[in-house]
Amino acid sequence: MAAHSSIEAITARIVERSKPLREAYLDRVRRAGSGGPHRAVLSCGNLAHGFAVCSPAEKTALAGDVVPNLGIITAYNDMLSAHQPYETFPPIIREAAREAGGIAQVAGGVPAMCDGVTQGQPGMELSLFSRDAIAMAAGIGLSHNMFDAAVFLGICDKIVPGLVIAALSFGHLPSVFIPAGPMTSGLPNDEKSRIRQLYAEGKVGRAELLDAESKSYHGPGTCTFYGTANSNQMLMEIMGFHMPGASFVNPGTPLRDALTKEAAKRALAITALGNEFTPAGEMIDERSIVNGVVGLHATGGSTNHTLHLVAMARAAGILLTWQDISDLSDVVPLLARVYPNGLADVNHFHAAGGMGFLIKQLLKQGLLHDDVRTVFGQGLEAYTIEAKLDANGRVVREPAPEESGDKKVLALIETPFQSNGGLKMLTGHLGKAVIKISAVKPERHIIEAPAIVFHDQQELQDAFKRCELNRDFVAVVRFQGPKANGMPELHRLTPPLGVLQDRGFKVALVTDGRMSGASGKVPAAIHITPEASDGGPIAKIKDGDIIRLDAIAGTLEVLVDAAEFAARTPVVADLSDNEFGMGRELFAAFRRNVGHADQGASVFA
């Protein structure tokens, strides 16, 4: 089916806007990919170092430039539940490569930090910057010029975007992303949230809170709520970087291992040595990026991707804007209810039909570009499937169901949960911001209340504990942008603001920082740019200023006389405490050189 007229129009304007940058990028990709395997340019000494630990047969094969060599970039560590399963993946991939007549080598490891561990801690100030550090680390691994294709092992928040930026920077190589899958379901996410709020109110102690958290995050795999990590997996599948049906299969299962072997063999099949050459830089185009945004809206995905998708697109010479993301939200309905947008977790989503059902529904009304290239090679129609094992342990694919397995979790395109994706850009006196309202009740889409200004999330928590916030207000938490302190997620604000909202007060958050990928029921205007550290208007707000957040009209205003507001001098904060400790001193150059939030908050552009 032809793409929806609005989808076509938005895609066309992205193509036109990106043309000079995209053409220059494609020219670089094609020049880098010309001439076949790059090992031919290596000196004998170079090559000897590159295959020193290989077997004699592998050395002979690599010396001849006729056998493909697969580079593995891994984010394995055994502190992250999502990445611990990757410990066993390289041997599986090497075996698959041998079966396919190729070779596989671990090209390098990249850092993988856990936002769940660092929430509210100094280490969270490295989180966003870790994305660009991951891209650079992956680039170092691939710079040895030994490889004909790459597979990327990564799942969580900044890790996949960083790996995508690296894959597109080495766009002359085919790239396949291999997920490890979500952990099995534990304590329901809504019950975990309830215990957190009780703890915030002082009604349960730390022991009860830790017990609940441990029952929720209890084993290998991604956390089961629909935050940035699982949004990443959705994106990789709908953008064509995954094998069809691969995203949400639990780790440690026969199907998971079979999908991993299949992905490795497919990566070897699409190198320049074969007949299906699929370089990542040409595979991912403006249509692929639009498909990713559509999937984000249809599933109520992470607000962090208003940063990451912009940065990922830019790595392919594509200029995606917040306005594009907001306009796409207006035409893409919400088809999934996964916590925090519902009670289900990602395992329930997968069981109800998962990605295959979702893609099938979106294609019905032309809300996705089907005519894209993917690592599977057949357009998105090939992703409207369920992956299973046959009697011989091989992956087989059956058509996705026509009906949802659970209509409370996945909806038909004809009867969506809401008519739009719920992720909007806000504009007004304060600049630009984004808001996610898919989990916010309609009566809270407009909040008008006096400002209470904070320069640190701990200040708000302390004020809550002193019972100073039992009223209608808009919390303005500033000096939380990328230049100020690396733009940490302000996840610890969710329980106290949620408690106040449940008490009947009108509350909202306005910040130049980030909220979790699991942004929930409290209206939050986030990622404000220009940020306070750049002298942005948010630095002029005073306690008591009336702020109007209107998620319906897409506006964010300070109801102060325009001349008076313009005449105010922006507040300057002492940020010296954010410059040292937990490695923050190592990232001073990132804070100095990072771009604006609406440009991806990247140090690369």
# chains A, B, ... in the order shown; residues from 1 in each chain; ligands from 1
>>> select_by_dssp(residues="segment 337-406 of chain A", states="alpha helix (DSSP H)", output="list in words")
Val346, Asn347, His348, Phe349, His350, Ala351, Gly354, Met355, Gly356, Phe357, Leu358, Ile359, Lys360, Gln361, Leu362, Leu363 and Lys364 of chain A
>>> write_last_selection(atoms="C-alpha atoms", output="tab-separated table (two decimals), in the first residue's frame")
chain	number	residue	atom	x	y	z
A	346	VAL	CA	6.89	-6.05	26.91
A	347	ASN	CA	6.41	-9.80	27.31
A	348	HIS	CA	2.65	-9.26	27.23
A	349	PHE	CA	3.13	-7.02	24.17
A	350	HIS	CA	5.10	-9.76	22.41
A	351	ALA	CA	2.56	-12.43	23.34
A	354	GLY	CA	4.26	-7.96	19.11
A	355	MET	CA	6.18	-6.25	16.35
A	356	GLY	CA	4.72	-8.37	13.54
A	357	PHE	CA	1.15	-7.43	14.43
A	358	LEU	CA	2.09	-3.77	14.99
A	359	ILE	CA	3.86	-3.42	11.63
A	360	LYS	CA	0.99	-5.18	9.85
A	361	GLN	CA	-1.51	-2.73	11.32
A	362	LEU	CA	0.56	0.34	10.42
A	363	LEU	CA	1.10	-0.90	6.85
A	364	LYS	CA	-2.68	-1.31	6.44
>>> closest_residue(among="A:Ala433, A:Ala605, A:Ala263, A:Leu142", to="Ala166 of chain A", atoms="only C-alpha atoms")
A:Leu142
>>> atom_distance(atom1="atom CA of Arg30 of chain A", atom2="atom CA of Ala382 of chain A")
27.0 Å
>>> closest_residue(among="A:Ala484, A:Ala539, A:Val453, A:Ala551", to="Asn578 of chain A", atoms="only C-alpha atoms")
A:Ala484
>>> closest_residue(among="A:Glu443, A:Glu489, A:Asp561, A:Glu386", to="Asp456 of chain A", atoms="only C-alpha atoms")
A:Glu489
>>> closest_atom_pairs(of="segment 147-226 of chain A", to="segment 106-126 of chain A", cutoff="9 Å", atoms="only C-alpha atoms", output="tab-separated table")
residue	atom	partner	partner_atom	distance
A:Phe147	CA	A:Ala107	CA	8.6
A:Ala150	CA	A:Ala107	CA	8.8
A:Gly154	CA	A:Ala112	CA	8.3
A:Cys156	CA	A:Cys114	CA	7.7
A:Asp157	CA	A:Asp115	CA	7.5
A:Lys158	CA	A:Ala112	CA	8.1
A:Ile159	CA	A:Ala112	CA	6.3
A:Leu163	CA	A:Val110	CA	8.8
>>> atom_distance(atom1="atom CA of Gly227 of chain A", atom2="atom CA of Phe170 of chain A")
27.7 Å
>>> closest_residue(among="A:Ala180, A:Met312, A:Val499, A:Leu47", to="Lys203 of chain A", atoms="only C-alpha atoms")
A:Val499
>>> closest_atom_pairs(of="segment 146-236 of chain A", to="segment 79-95 of chain A", cutoff="10 Å", atoms="only C-alpha atoms", output="tab-separated table")
residue	atom	partner	partner_atom	distance
A:Val151	CA	A:Ile93	CA	9.2
A:Leu153	CA	A:Tyr86	CA	6.9
A:Gly154	CA	A:His83	CA	6.9
A:Ile155	CA	A:Ala82	CA	6.7
A:Cys156	CA	A:Ala82	CA	7.0
A:Ile178	CA	A:Phe89	CA	9.4
A:Pro179	CA	A:Tyr86	CA	8.8
A:Ala180	CA	A:Pro85	CA	6.4
A:Gly181	CA	A:Ala82	CA	7.4
A:Pro182	CA	A:Ala82	CA	7.1
A:Met183	CA	A:Ala82	CA	7.7
A:Tyr217	CA	A:Ser81	CA	8.2
A:His218	CA	A:Ser81	CA	8.5
A:Gly219	CA	A:Ser81	CA	6.4
A:Pro220	CA	A:Ser81	CA	4.6
A:Gly221	CA	A:Ala82	CA	3.9
A:Thr222	CA	A:Ala82	CA	4.3
A:Cys223	CA	A:Ala82	CA	7.4
A:Ala229	CA	A:Ala82	CA	8.8
>>> residues_around(residues="segment 562-574 of chain A", least_positions_apart="5", cutoff="10 Å", atoms="only C-alpha atoms", output="ChimeraX atom specification")
/A:429,455,478-479,484,532-542
>>> write_last_selection(atoms="N, CA and C atoms", output="PDB file, in the first residue's frame")
ATOM      1  N   HIS A 429       7.436  31.212  24.962  1.00  0.00           N
ATOM      2  CA  HIS A 429       8.422  32.131  25.516  1.00  0.00           C
ATOM      3  C   HIS A 429       9.705  31.448  25.962  1.00  0.00           C
ATOM      4  N   HIS A 455      17.134  24.306  41.346  1.00  0.00           N
ATOM      5  CA  HIS A 455      18.355  24.131  40.549  1.00  0.00           C
ATOM      6  C   HIS A 455      18.932  22.737  40.688  1.00  0.00           C
ATOM      7  N   ARG A 478      15.904  23.620  36.584  1.00  0.00           N
ATOM      8  CA  ARG A 478      16.774  24.123  35.514  1.00  0.00           C
ATOM      9  C   ARG A 478      18.251  23.866  35.831  1.00  0.00           C
ATOM     10  N   PHE A 479      19.110  24.251  34.875  1.00  0.00           N
ATOM     11  CA  PHE A 479      20.530  23.926  34.921  1.00  0.00           C
ATOM     12  C   PHE A 479      20.733  22.415  34.965  1.00  0.00           C
ATOM     13  N   ALA A 484      25.175  22.122  31.123  1.00  0.00           N
ATOM     14  CA  ALA A 484      25.255  22.343  32.563  1.00  0.00           C
ATOM     15  C   ALA A 484      25.861  21.155  33.286  1.00  0.00           C
ATOM     16  N   ALA A 532      19.290  26.602  30.398  1.00  0.00           N
ATOM     17  CA  ALA A 532      19.616  27.683  31.328  1.00  0.00           C
ATOM     18  C   ALA A 532      21.089  28.076  31.253  1.00  0.00           C
ATOM     19  N   SER A 533      21.972  27.086  31.071  1.00  0.00           N
ATOM     20  CA  SER A 533      23.406  27.395  31.012  1.00  0.00           C
ATOM     21  C   SER A 533      23.800  28.169  29.778  1.00  0.00           C
ATOM     22  N   ASP A 534      22.934  28.201  28.779  1.00  0.00           N
ATOM     23  CA  ASP A 534      23.146  29.028  27.584  1.00  0.00           C
ATOM     24  C   ASP A 534      22.438  30.367  27.706  1.00  0.00           C
ATOM     25  N   GLY A 535      21.954  30.684  28.908  1.00  0.00           N
ATOM     26  CA  GLY A 535      21.209  31.923  29.091  1.00  0.00           C
ATOM     27  C   GLY A 535      19.809  31.871  28.530  1.00  0.00           C
ATOM     28  N   GLY A 536      19.266  30.661  28.376  1.00  0.00           N
ATOM     29  CA  GLY A 536      17.923  30.507  27.831  1.00  0.00           C
ATOM     30  C   GLY A 536      16.865  31.126  28.730  1.00  0.00           C
ATOM     31  N   PRO A 537      15.681  31.386  28.176  1.00  0.00           N
ATOM     32  CA  PRO A 537      14.622  32.038  28.953  1.00  0.00           C
ATOM     33  C   PRO A 537      14.242  31.305  30.230  1.00  0.00           C
ATOM     34  N   ILE A 538      14.445  29.989  30.288  1.00  0.00           N
ATOM     35  CA  ILE A 538      14.125  29.261  31.514  1.00  0.00           C
ATOM     36  C   ILE A 538      14.924  29.806  32.697  1.00  0.00           C
ATOM     37  N   ALA A 539      16.086  30.421  32.415  1.00  0.00           N
ATOM     38  CA  ALA A 539      16.911  30.999  33.482  1.00  0.00           C
ATOM     39  C   ALA A 539      16.348  32.321  33.997  1.00  0.00           C
ATOM     40  N   LYS A 540      15.281  32.827  33.372  1.00  0.00           N
ATOM     41  CA  LYS A 540      14.663  34.088  33.815  1.00  0.00           C
ATOM     42  C   LYS A 540      13.431  33.871  34.694  1.00  0.00           C
ATOM     43  N   ILE A 541      12.965  32.650  34.794  1.00  0.00           N
ATOM     44  CA  ILE A 541      11.740  32.392  35.555  1.00  0.00           C
ATOM     45  C   ILE A 541      11.982  32.626  37.046  1.00  0.00           C
ATOM     46  N   LYS A 542      10.970  33.247  37.692  1.00  0.00           N
ATOM     47  CA  LYS A 542      11.027  33.480  39.134  1.00  0.00           C
ATOM     48  C   LYS A 542       9.916  32.705  39.825  1.00  0.00           C
TER      49      LYS A 542
END
>>> closest_residue(among="A:Phe51, A:Tyr76, A:Phe152, A:Phe590", to="Ala138 of chain A", atoms="only C-alpha atoms")
A:Phe152
>>> residues_around(residues="Ile325 of chain A", least_positions_apart="3", cutoff="8 Å", atoms="only C-alpha atoms", output="ChimeraX atom specification")
/A:293,306,320-322,328-329,423-425
>>> atom_distance(atom1="atom CA of Ser404 of chain A", atom2="atom CA of Gly353 of chain A")
6.1 Å
